$ cat data.cif   # mmCIF, C-alpha atoms
data_structure
loop_
_atom_site.label_atom_id
_atom_site.label_comp_id
_atom_site.auth_asym_id
_atom_site.auth_seq_id
_atom_site.Cartn_x
_atom_site.Cartn_y
_atom_site.Cartn_z
CA ALA U 1 159.72 -11.16 128.97
CA LEU U 2 156.99 -8.65 128.15
CA GLY U 3 157.38 -6.84 131.47
CA TYR U 4 161.14 -6.62 131.02
CA HIS U 5 160.86 -5.06 127.56
CA LEU U 6 158.17 -2.63 128.72
CA SER U 7 160.31 -1.50 131.63
CA CYS U 8 163.05 -0.53 129.15
CA LEU U 9 160.78 1.58 126.94
CA PRO U 10 160.00 5.19 127.97
CA LEU U 11 156.42 4.79 126.79
CA ASP U 12 152.89 4.31 128.05
CA VAL U 13 152.20 0.61 128.65
CA GLN U 14 149.59 0.37 125.86
CA LEU U 15 151.89 1.99 123.30
CA GLY U 16 154.82 -0.12 124.48
CA LYS U 17 152.91 -3.37 124.12
CA LEU U 18 151.57 -2.43 120.71
CA LEU U 19 155.05 -1.61 119.42
CA LEU U 20 156.65 -4.72 120.88
CA TYR U 21 154.07 -6.97 119.30
CA SER U 22 154.36 -5.11 115.99
CA VAL U 23 158.08 -5.95 116.02
CA LEU U 24 157.35 -9.53 117.01
CA PHE U 25 154.78 -10.02 114.25
CA ARG U 26 156.69 -8.14 111.56
CA CYS U 27 154.32 -5.21 111.04
CA VAL U 28 156.53 -2.42 112.39
CA ASP U 29 155.51 0.31 109.94
CA ALA U 30 151.81 -0.18 110.74
CA GLY U 31 152.53 -0.43 114.46
CA LEU U 32 154.36 2.89 114.45
CA THR U 33 151.44 4.61 112.73
CA LEU U 34 148.92 3.10 115.14
CA ALA U 35 150.96 4.04 118.22
CA ALA U 36 151.54 7.57 116.91
CA ALA U 37 147.82 8.00 116.22
CA MET U 38 147.02 6.87 119.77
CA SER U 39 149.27 9.66 121.06
CA LEU U 40 147.30 12.36 119.23
CA LYS U 41 143.76 13.52 118.66
CA SER U 42 141.71 11.91 115.89
CA PRO U 43 142.64 13.00 112.36
CA PHE U 44 138.98 12.95 111.32
CA LEU U 45 137.05 16.20 111.04
CA GLN U 46 133.26 16.39 110.99
CA ALA U 47 132.13 18.62 108.13
CA PRO U 48 129.78 21.45 109.20
CA GLY U 49 126.17 20.50 108.61
CA SER U 50 127.03 16.88 107.79
CA SER U 51 125.82 13.92 109.82
CA ARG U 52 128.11 11.42 108.06
CA ASN U 53 130.99 10.14 110.16
CA PRO U 54 134.20 10.77 108.12
CA ILE U 55 135.77 7.55 109.45
CA LEU U 56 133.37 5.69 107.15
CA ASN U 57 135.41 6.97 104.18
CA PHE U 58 138.27 4.71 105.30
CA SER U 59 136.43 1.85 107.01
CA SER U 60 138.77 -1.07 107.60
CA GLY U 61 138.48 -4.27 109.61
CA ASP U 62 135.67 -3.15 111.94
CA SER U 63 138.33 -1.09 113.72
CA ASP U 64 138.68 2.64 114.34
CA TRP U 65 142.46 2.26 114.52
CA LEU U 66 142.79 0.27 111.31
CA SER U 67 140.58 2.87 109.63
CA ILE U 68 142.97 5.59 110.80
CA LEU U 69 145.88 3.50 109.51
CA HIS U 70 144.12 3.20 106.13
CA ALA U 71 143.49 6.96 106.06
CA TYR U 72 147.16 7.68 106.84
CA ARG U 73 148.36 5.35 104.10
CA CYS U 74 145.99 6.97 101.57
CA TRP U 75 147.22 10.42 102.64
CA GLN U 76 150.84 9.32 102.23
CA ALA U 77 150.11 8.07 98.72
CA THR U 78 148.38 11.28 97.69
CA GLY U 79 151.47 13.50 97.56
CA PRO U 80 151.94 17.11 98.68
CA ARG U 81 150.27 18.75 95.67
CA ALA U 82 146.93 17.02 96.11
CA GLU U 83 147.09 16.83 99.90
CA GLY U 84 144.85 19.84 100.61
CA SER U 85 141.98 18.81 98.36
CA PHE U 86 142.27 15.17 99.48
CA CYS U 87 141.98 16.10 103.16
CA GLN U 88 139.12 18.49 102.55
CA GLN U 89 137.13 15.94 100.56
CA SER U 90 137.87 13.10 102.97
CA GLY U 91 137.27 14.89 106.28
CA LEU U 92 140.88 14.69 107.44
CA SER U 93 143.15 17.07 109.33
CA SER U 94 146.39 17.60 107.39
CA LYS U 95 148.02 19.04 110.50
CA THR U 96 147.24 15.96 112.60
CA LEU U 97 148.46 13.59 109.88
CA HIS U 98 151.78 15.46 109.67
CA MET U 99 152.06 15.17 113.45
CA VAL U 100 151.47 11.42 113.18
CA GLY U 101 154.47 11.28 110.84
CA GLU U 102 156.63 13.18 113.31
CA VAL U 103 155.63 11.00 116.27
CA ARG U 104 156.23 7.87 114.16
CA GLN U 105 159.86 8.92 113.74
CA GLN U 106 160.25 9.55 117.47
CA LEU U 107 158.84 6.11 118.26
CA ALA U 108 161.07 4.48 115.65
CA ASP U 109 164.06 6.10 117.37
CA VAL U 110 162.94 4.58 120.69
CA LEU U 111 162.80 1.11 119.12
CA GLU U 112 166.19 1.59 117.48
CA ASP U 113 167.78 2.74 120.74
CA ARG U 114 166.47 -0.44 122.37
CA GLY U 115 167.99 -2.57 119.60
CA LEU U 116 164.62 -3.82 118.39
CA LEU U 117 165.11 -2.72 114.77
CA GLN U 118 168.70 -4.00 114.61
CA GLY U 119 169.89 -1.09 112.51
CA ARG U 120 167.20 -1.42 109.85
CA PRO U 121 164.74 1.33 108.84
CA PRO U 122 161.16 0.75 110.06
CA THR U 123 159.97 0.43 106.44
CA CYS U 124 162.38 -2.44 105.76
CA PRO U 125 160.50 -5.36 104.12
CA ASP U 126 161.97 -7.82 106.64
CA LEU U 127 160.25 -5.88 109.44
CA ASN U 128 156.93 -5.70 107.60
CA THR U 129 156.18 -9.18 106.33
CA HIS U 130 152.66 -8.96 107.80
CA ALA U 131 152.07 -5.21 107.54
CA GLN U 132 149.09 -5.74 105.21
CA ASN U 133 147.64 -8.74 107.05
CA ILE U 134 144.51 -7.43 108.75
CA HIS U 135 144.27 -10.49 111.02
CA VAL U 136 147.77 -9.97 112.38
CA LEU U 137 147.15 -6.23 112.81
CA LYS U 138 143.99 -6.94 114.81
CA ALA U 139 145.93 -9.33 117.00
CA VAL U 140 148.57 -6.65 117.64
CA LEU U 141 145.82 -4.16 118.54
CA CYS U 142 144.24 -6.71 120.86
CA ALA U 143 147.58 -7.38 122.55
CA GLY U 144 148.31 -3.68 122.94
CA LEU U 145 144.91 -2.55 124.23
CA MET U 146 144.33 -5.35 126.72
CA PRO U 147 142.88 -5.44 129.36
CA ASN U 148 140.38 -2.98 127.79
CA LEU U 149 137.95 -5.69 126.74
CA CYS U 150 134.22 -5.60 126.05
CA ARG U 151 131.83 -8.42 125.19
CA ALA U 152 128.65 -7.99 123.19
CA PRO U 153 126.53 -11.12 123.46
CA VAL U 154 123.30 -11.33 121.52
CA VAL U 155 120.22 -10.82 123.71
CA GLY U 156 117.07 -11.15 121.62
CA ALA U 157 117.37 -8.74 118.70
CA GLU U 158 120.00 -6.46 120.24
CA ARG U 159 123.46 -6.50 121.75
CA ARG U 160 124.21 -5.44 125.28
CA PHE U 161 127.84 -4.45 125.72
CA HIS U 162 129.63 -5.36 128.95
CA CYS U 163 133.15 -4.70 130.24
CA GLY U 164 132.93 -7.31 133.00
CA PRO U 165 130.89 -10.23 134.28
CA GLY U 166 128.38 -8.22 136.34
CA THR U 167 125.14 -6.57 135.27
CA GLY U 168 126.56 -3.21 136.34
CA SER U 169 129.25 -3.37 133.67
CA GLN U 170 127.03 -2.33 130.75
CA VAL U 171 128.57 0.22 128.38
CA HIS U 172 127.82 1.80 125.01
CA VAL U 173 129.93 2.36 121.90
CA HIS U 174 130.48 6.07 121.26
CA HIS U 175 128.77 7.48 118.18
CA SER U 176 132.15 8.58 116.74
CA SER U 177 133.28 4.94 116.51
CA LEU U 178 133.08 2.90 113.35
CA ASN U 179 131.42 0.21 115.46
CA TYR U 180 128.56 2.44 116.60
CA GLY U 181 125.46 0.53 115.55
CA LEU U 182 127.17 -2.84 115.88
CA ALA U 183 124.04 -3.92 117.79
CA LYS U 184 122.25 -4.44 114.50
CA ALA U 185 125.19 -5.52 112.37
CA SER U 186 125.53 -9.21 113.23
CA GLU U 187 123.81 -12.11 114.91
CA GLU U 188 127.01 -13.49 116.48
CA PRO U 189 128.60 -12.53 119.81
CA ALA U 190 131.37 -9.94 119.44
CA TRP U 191 134.52 -8.99 121.32
CA LEU U 192 135.78 -5.43 121.28
CA VAL U 193 138.98 -3.87 122.56
CA PHE U 194 138.88 -0.14 123.20
CA PHE U 195 141.30 2.70 123.83
CA GLU U 196 139.42 4.60 126.49
CA LYS U 197 136.19 4.67 128.47
CA VAL U 198 134.41 7.98 129.10
CA ARG U 199 131.44 8.75 131.31
CA THR U 200 128.75 11.34 130.64
CA HIS U 201 125.15 10.36 131.32
CA ARG U 202 126.26 6.90 130.12
CA VAL U 203 129.56 5.05 129.95
CA TYR U 204 130.93 5.12 126.41
CA LEU U 205 133.77 3.27 124.69
CA ARG U 206 135.88 5.30 122.28
CA ASP U 207 138.16 4.03 119.52
CA THR U 208 137.03 0.42 119.37
CA SER U 209 138.16 -2.59 117.37
CA LEU U 210 136.29 -5.82 116.77
CA VAL U 211 138.64 -8.75 117.48
CA PRO U 212 138.26 -12.53 117.20
CA ALA U 213 137.83 -14.67 120.28
CA VAL U 214 141.10 -16.47 119.54
CA ALA U 215 142.98 -13.16 119.89
CA VAL U 216 141.40 -12.65 123.31
CA LEU U 217 142.49 -16.16 124.31
CA LEU U 218 146.06 -15.58 123.17
CA PHE U 219 146.65 -12.05 124.44
CA GLY U 220 144.25 -11.54 127.33
CA PRO U 221 145.77 -11.33 130.82
CA GLY U 222 145.71 -14.13 133.35
CA LEU U 223 144.63 -17.29 131.54
CA THR U 224 143.27 -19.99 133.86
CA ALA U 225 142.32 -23.42 132.55
CA GLN U 226 139.22 -25.01 134.11
CA TYR U 227 139.58 -28.55 132.76
CA ARG U 228 136.68 -30.09 134.69
CA GLU U 229 134.29 -27.45 133.39
CA LYS U 230 135.89 -27.66 129.91
CA ALA U 231 136.54 -23.93 129.93
CA VAL U 232 139.27 -21.32 130.19
CA LYS U 233 139.08 -17.92 131.82
CA VAL U 234 140.97 -14.93 130.44
CA HIS U 235 140.73 -11.73 132.47
CA TRP U 236 137.00 -11.77 133.35
CA ALA U 237 135.96 -13.55 130.13
CA ARG U 238 135.08 -17.24 130.16
CA PHE U 239 135.26 -19.51 127.10
CA VAL U 240 133.90 -23.02 126.79
CA VAL U 241 136.64 -25.05 125.09
CA SER U 242 137.81 -28.65 125.02
CA PRO U 243 140.75 -29.67 127.24
CA ARG U 244 142.79 -30.23 124.08
CA LEU U 245 142.15 -26.68 122.85
CA ALA U 246 142.89 -25.28 126.31
CA ALA U 247 146.27 -27.04 126.27
CA LEU U 248 146.97 -25.67 122.79
CA VAL U 249 146.21 -22.11 123.91
CA ARG U 250 148.53 -22.45 126.90
CA ALA U 251 151.29 -23.80 124.63
CA LEU U 252 150.89 -20.93 122.16
CA ARG U 253 151.04 -18.37 124.97
CA ARG U 254 154.29 -19.95 126.20
CA GLN U 255 155.66 -19.70 122.66
CA LEU U 256 154.71 -16.02 122.57
CA ASP U 257 156.69 -15.40 125.73
CA THR U 258 159.69 -17.26 124.32
CA ALA U 259 159.51 -15.24 121.10
CA LEU U 260 159.38 -11.99 123.07
CA GLU U 261 162.56 -13.01 124.90
CA GLY U 262 164.29 -13.41 121.52
CA LEU U 263 163.36 -10.00 120.13
CA VAL U 264 166.67 -8.28 120.83
CA SER U 265 168.85 -11.33 120.17
CA GLY U 266 167.13 -11.81 116.80
CA ARG U 267 166.35 -15.49 117.26
CA GLY U 268 164.08 -16.93 114.59
CA GLU U 269 161.06 -18.03 116.64
CA ALA U 270 159.16 -14.81 116.03
CA GLU U 271 158.78 -15.12 112.25
CA GLU U 272 157.66 -18.75 112.40
CA LEU U 273 155.21 -17.97 115.19
CA ALA U 274 153.83 -14.94 113.32
CA MET U 275 153.19 -17.05 110.23
CA CYS U 276 151.49 -19.72 112.33
CA LEU U 277 149.28 -17.24 114.18
CA ALA U 278 148.37 -15.44 110.95
CA GLN U 279 146.68 -18.67 109.91
CA VAL U 280 145.15 -19.29 113.34
CA LEU U 281 143.72 -15.76 113.52
CA ALA U 282 142.21 -15.77 110.04
CA PRO U 283 138.46 -16.53 110.10
CA PRO U 284 137.45 -19.92 108.64
CA LYS U 285 136.34 -19.89 105.02
CA ARG U 286 132.65 -20.50 104.48
#
$ encode --input "data.cif" --output "C-alpha cells"
Amino acid sequence: ALGYHLSCLPLDVQLGKLLLYSVLFRCVDAGLTLAAAMSLKSPFLQAPGSSRNPILNFSSGDSDWLSILHAYRCWQATGPRAEGSFCQQSGLSSKTLHMVGEVRQQLADVLEDRGLLQGRPPTCPDLNTHAQNIHVLKAVLCAGLMPNLCRAPVVGAERRFHCGPGTGSQVHVHHSSLNYGLAKASEEPAWLVFFEKVRTHRVYLRDTSLVPAVAVLLFGPGLTAQYREKAVKVHWARFVVSPRLAALVRALRRQLDTALEGLVSGRGEAEELAMCLAQVLAPPKR
C-alpha cells in the first residue's frame, strides 16, 4: 500500500512518506510544514559573533524538525507588522519562512490532486486531530526518514553513535543540530533518525530527531521476528522482546498497511489506529 501511494506522488520518497503518514495520523498541517522545510535550507541564521545556536530558541521534542515546526508556528502567530523584529531577535530568515509557506501550498495541492484531502483544506480540524501531539509527530518523522537510523548506546560515560551493526559505522551529530551534545544528556540508549549524512574529516548527521524505540519497531523497514532468541530485527537494529510483544508489533504493522490502503477511500481505520498509537508512543509516566 505504501509503495503504491508513493508511486502516485511526484515527490522524493522521504517527503512522500512523511506526507502520507501525516494524512494517516491526522496531522496534515504539521506534515506540510515539515515536508516544506525539508525541501529548503534551514530558516535559522547564526548571528555574527554569537556562539549560541538559534535553534535553541525554539527547542522542541529533541528534534531539529519539530523545532523548525515550532519556529514556523511562532512566526505565523507574530503577524506581518512584528515579523521583522521577531526574526531578527530569534535568528530566523523571513525569506526562508515565506518560502516554506509557498512550498506548503504546492504540497497541499499534490495531496488534493491525489484525493488524500478529500476536498478539505489542510488546516481542517478533521485532518489535524493530532497536529499538536508530539509523540505522533515524532512517529511521522520516524516513518518518513527511515531507513536513516542511528543508535547511541551508552558506553561508559559517553555515547558512541552508530548507523549500522559494525564498528566502522560510527558517526557524529553535527554541531548545528539540537541533539549535538546528546552524549552527555542522558544515561539511556537513544535512537535517532536523520535527514542527511555528510562527510568531512568525520561523518556527521544533520537534522536529527530523537525517537522512541517503539517507533523504530513500527516504522523501520524489514521486520524479522526471531522467536527462539526472543528478539526482533528491524533494518540492522535488533531488539530483545518477548514473543508476545513481537506478535503485537507484527499485528500493528499489518494494521498500518491496511490503514494506508484506506487513505483514499476514507475508511475509518486510520483515526482509530492513530488514537491507539498515540497512546502506545507516549512515554510511560514515572
$ residues_around --input "data.cif" --residues "stretch 73-90 of chain U" --least-positions-apart "4" --cutoff "12 Å" --atoms "all atoms listed in the file" --output "VMD selection string"
chain U and resid 29 to 30 33 to 34 43 to 48 52 to 58 66 to 69 94 to 98 100 to 101 131 to 132
$ closest_residue --input "data.cif" --among "U:Leu281, U:Ala190, U:Cys276, U:Leu9" --to "U:Ala139" --atoms "all atoms listed in the file"
U:Leu281
$ residues_around --input "data.cif" --residues "U:Val216" --least-positions-apart "6" --cutoff "12 Å" --atoms "only C-alpha atoms" --output "compact mmCIF listing (two decimals) with C-alpha atoms, keeping the file's coordinate frame"
# COMPACT_ATOMS: atom_id res chain seq x y z
CA LYS U 138 143.99 -6.94 114.81
CA ALA U 139 145.93 -9.33 117.00
CA VAL U 140 148.57 -6.65 117.64
CA LEU U 141 145.82 -4.16 118.54
CA CYS U 142 144.24 -6.71 120.86
CA ALA U 143 147.58 -7.38 122.55
CA GLY U 144 148.31 -3.68 122.94
CA LEU U 145 144.91 -2.55 124.23
CA MET U 146 144.33 -5.35 126.72
CA PRO U 147 142.88 -5.44 129.36
CA ASN U 148 140.38 -2.98 127.79
CA LEU U 149 137.95 -5.69 126.74
CA CYS U 150 134.22 -5.60 126.05
CA ARG U 151 131.83 -8.42 125.19
CA ALA U 190 131.37 -9.94 119.44
CA TRP U 191 134.52 -8.99 121.32
CA LEU U 192 135.78 -5.43 121.28
CA VAL U 193 138.98 -3.87 122.56
CA LEU U 210 136.29 -5.82 116.77
CA GLY U 222 145.71 -14.13 133.35
CA LEU U 223 144.63 -17.29 131.54
CA VAL U 232 139.27 -21.32 130.19
CA LYS U 233 139.08 -17.92 131.82
CA VAL U 234 140.97 -14.93 130.44
CA HIS U 235 140.73 -11.73 132.47
CA TRP U 236 137.00 -11.77 133.35
CA ALA U 237 135.96 -13.55 130.13
CA ARG U 238 135.08 -17.24 130.16
CA PHE U 239 135.26 -19.51 127.10
CA VAL U 249 146.21 -22.11 123.91
CA ARG U 253 151.04 -18.37 124.97
CA LEU U 281 143.72 -15.76 113.52
$ resolve_selection --input "data.cif" --expression "the PyMOL selection byres ((chain U and resi 21-27) around 7)" --output "PDB file with C-alpha atoms, keeping the file's coordinate frame"
ATOM      1  CA  LYS U  17     152.910  -3.370 124.120  1.00  0.00           C
ATOM      2  CA  LEU U  18     151.570  -2.430 120.710  1.00  0.00           C
ATOM      3  CA  LEU U  19     155.050  -1.610 119.420  1.00  0.00           C
ATOM      4  CA  LEU U  20     156.650  -4.720 120.880  1.00  0.00           C
ATOM      5  CA  VAL U  28     156.530  -2.420 112.390  1.00  0.00           C
ATOM      6  CA  ASP U  29     155.510   0.310 109.940  1.00  0.00           C
ATOM      7  CA  ALA U  30     151.810  -0.180 110.740  1.00  0.00           C
ATOM      8  CA  GLY U  31     152.530  -0.430 114.460  1.00  0.00           C
ATOM      9  CA  LEU U 127     160.250  -5.880 109.440  1.00  0.00           C
ATOM     10  CA  ASN U 128     156.930  -5.700 107.600  1.00  0.00           C
ATOM     11  CA  THR U 129     156.180  -9.180 106.330  1.00  0.00           C
ATOM     12  CA  HIS U 130     152.660  -8.960 107.800  1.00  0.00           C
ATOM     13  CA  ALA U 131     152.070  -5.210 107.540  1.00  0.00           C
ATOM     14  CA  VAL U 140     148.570  -6.650 117.640  1.00  0.00           C
ATOM     15  CA  LEU U 260     159.380 -11.990 123.070  1.00  0.00           C
ATOM     16  CA  LEU U 263     163.360 -10.000 120.130  1.00  0.00           C
ATOM     17  CA  ALA U 270     159.160 -14.810 116.030  1.00  0.00           C
ATOM     18  CA  GLU U 271     158.780 -15.120 112.250  1.00  0.00           C
ATOM     19  CA  ALA U 274     153.830 -14.940 113.320  1.00  0.00           C
TER      20      ALA U 274
END
$ atom_distance --input "data.cif" --atom1 "atom CA of U:Pro243" --atom2 "atom CA of U:Gly220"
18.5 Å
$ axis_aligned_box --input "data.cif" --around "stretch 111-115 of chain U" --padding-each-side "3 Å" --output "lines of an AutoDock Vina configuration file"
center_x = 165.4
center_y = 0.1
center_z = 119.9
size_x = 11.2
size_y = 11.3
size_z = 10.9
$ atom_distance --input "data.cif" --atom1 "atom CA of U:Arg250" --atom2 "atom CA of U:Leu137"
21.5 Å
$ resolve_selection --input "data.cif" --expression "the PyMOL selection byres ((chain U and resi 12) around 12)" --output "list in words"
Leu6, Ser7, Cys8, Leu9, Pro10, Leu11, Val13, Gln14, Leu15, Gly16, Lys17, Leu18, Leu19, Ala35, Ala36, Met38, Ser39, Leu107, Gly144 and Leu145 of chain U
$ closest_residue --input "data.cif" --among "U:Trp65, U:Leu252, U:Phe219, U:Pro122" --to "U:Val110" --atoms "all atoms listed in the file"
U:Pro122
$ decode --input "data.cif" --residues "stretch 10-68 of chain U" --atoms "C-alpha atoms" --output "mmCIF file, in the first residue's frame"
data_model
loop_
_atom_site.group_PDB
_atom_site.id
_atom_site.type_symbol
_atom_site.label_atom_id
_atom_site.label_comp_id
_atom_site.auth_asym_id
_atom_site.auth_seq_id
_atom_site.Cartn_x
_atom_site.Cartn_y
_atom_site.Cartn_z
ATOM 1 C CA PRO U 10 5.607 13.294 -7.766
ATOM 2 C CA LEU U 11 7.792 13.676 -4.696
ATOM 3 C CA ASP U 12 11.018 12.468 -3.145
ATOM 4 C CA VAL U 13 10.428 9.219 -1.243
ATOM 5 C CA GLN U 14 11.166 10.762 2.175
ATOM 6 C CA LEU U 15 8.772 13.664 1.597
ATOM 7 C CA GLY U 16 6.146 11.329 0.179
ATOM 8 C CA LYS U 17 6.269 9.009 3.175
ATOM 9 C CA LEU U 18 6.153 11.883 5.638
ATOM 10 C CA LEU U 19 3.087 13.379 3.959
ATOM 11 C CA LEU U 20 1.265 10.062 3.657
ATOM 12 C CA TYR U 21 1.755 9.294 7.316
ATOM 13 C CA SER U 22 0.734 12.829 8.283
ATOM 14 C CA VAL U 23 -2.559 12.209 6.466
ATOM 15 C CA LEU U 24 -2.896 8.800 8.087
ATOM 16 C CA PHE U 25 -2.280 10.137 11.591
ATOM 17 C CA ARG U 26 -4.314 13.321 11.192
ATOM 18 C CA CYS U 27 -1.519 15.890 11.455
ATOM 19 C CA VAL U 28 -1.605 17.220 7.891
ATOM 20 C CA ASP U 29 -0.848 20.872 8.667
ATOM 21 C CA ALA U 30 2.302 19.943 10.613
ATOM 22 C CA GLY U 31 3.319 17.401 7.972
ATOM 23 C CA LEU U 32 3.113 20.002 5.223
ATOM 24 C CA THR U 33 5.342 22.380 7.176
ATOM 25 C CA LEU U 34 7.882 19.658 7.916
ATOM 26 C CA ALA U 35 8.000 18.457 4.303
ATOM 27 C CA ALA U 36 8.296 22.024 3.005
ATOM 28 C CA ALA U 37 11.136 22.750 5.433
ATOM 29 C CA MET U 38 12.960 19.620 4.251
ATOM 30 C CA SER U 39 12.813 20.986 0.706
ATOM 31 C CA LEU U 40 14.604 24.210 1.657
ATOM 32 C CA LYS U 41 17.637 25.427 3.548
ATOM 33 C CA SER U 42 17.411 25.908 7.310
ATOM 34 C CA PRO U 43 15.478 29.002 8.420
ATOM 35 C CA PHE U 44 17.924 29.571 11.281
ATOM 36 C CA LEU U 45 20.601 32.239 10.958
ATOM 37 C CA GLN U 46 23.694 32.367 13.152
ATOM 38 C CA ALA U 47 24.160 35.890 14.495
ATOM 39 C CA PRO U 48 27.622 37.380 13.802
ATOM 40 C CA GLY U 49 29.889 36.971 16.794
ATOM 41 C CA SER U 50 27.439 34.698 18.622
ATOM 42 C CA SER U 51 28.189 31.101 19.555
ATOM 43 C CA ARG U 52 24.592 30.314 20.558
ATOM 44 C CA ASN U 53 22.739 28.033 18.170
ATOM 45 C CA PRO U 54 19.475 29.847 17.222
ATOM 46 C CA ILE U 55 17.577 26.541 17.072
ATOM 47 C CA LEU U 56 17.745 26.526 20.877
ATOM 48 C CA ASN U 57 15.247 29.415 20.882
ATOM 49 C CA PHE U 58 12.593 27.000 19.621
ATOM 50 C CA SER U 59 13.752 23.681 21.077
ATOM 51 C CA SER U 60 11.012 21.070 20.785
ATOM 52 C CA GLY U 61 10.923 17.326 21.308
ATOM 53 C CA ASP U 62 14.674 16.677 20.958
ATOM 54 C CA SER U 63 14.137 17.178 17.226
ATOM 55 C CA ASP U 64 15.570 19.677 14.750
ATOM 56 C CA TRP U 65 12.472 19.319 12.577
ATOM 57 C CA LEU U 66 9.980 19.812 15.400
ATOM 58 C CA SER U 67 11.989 22.859 16.450
ATOM 59 C CA ILE U 68 11.651 24.256 12.925
#
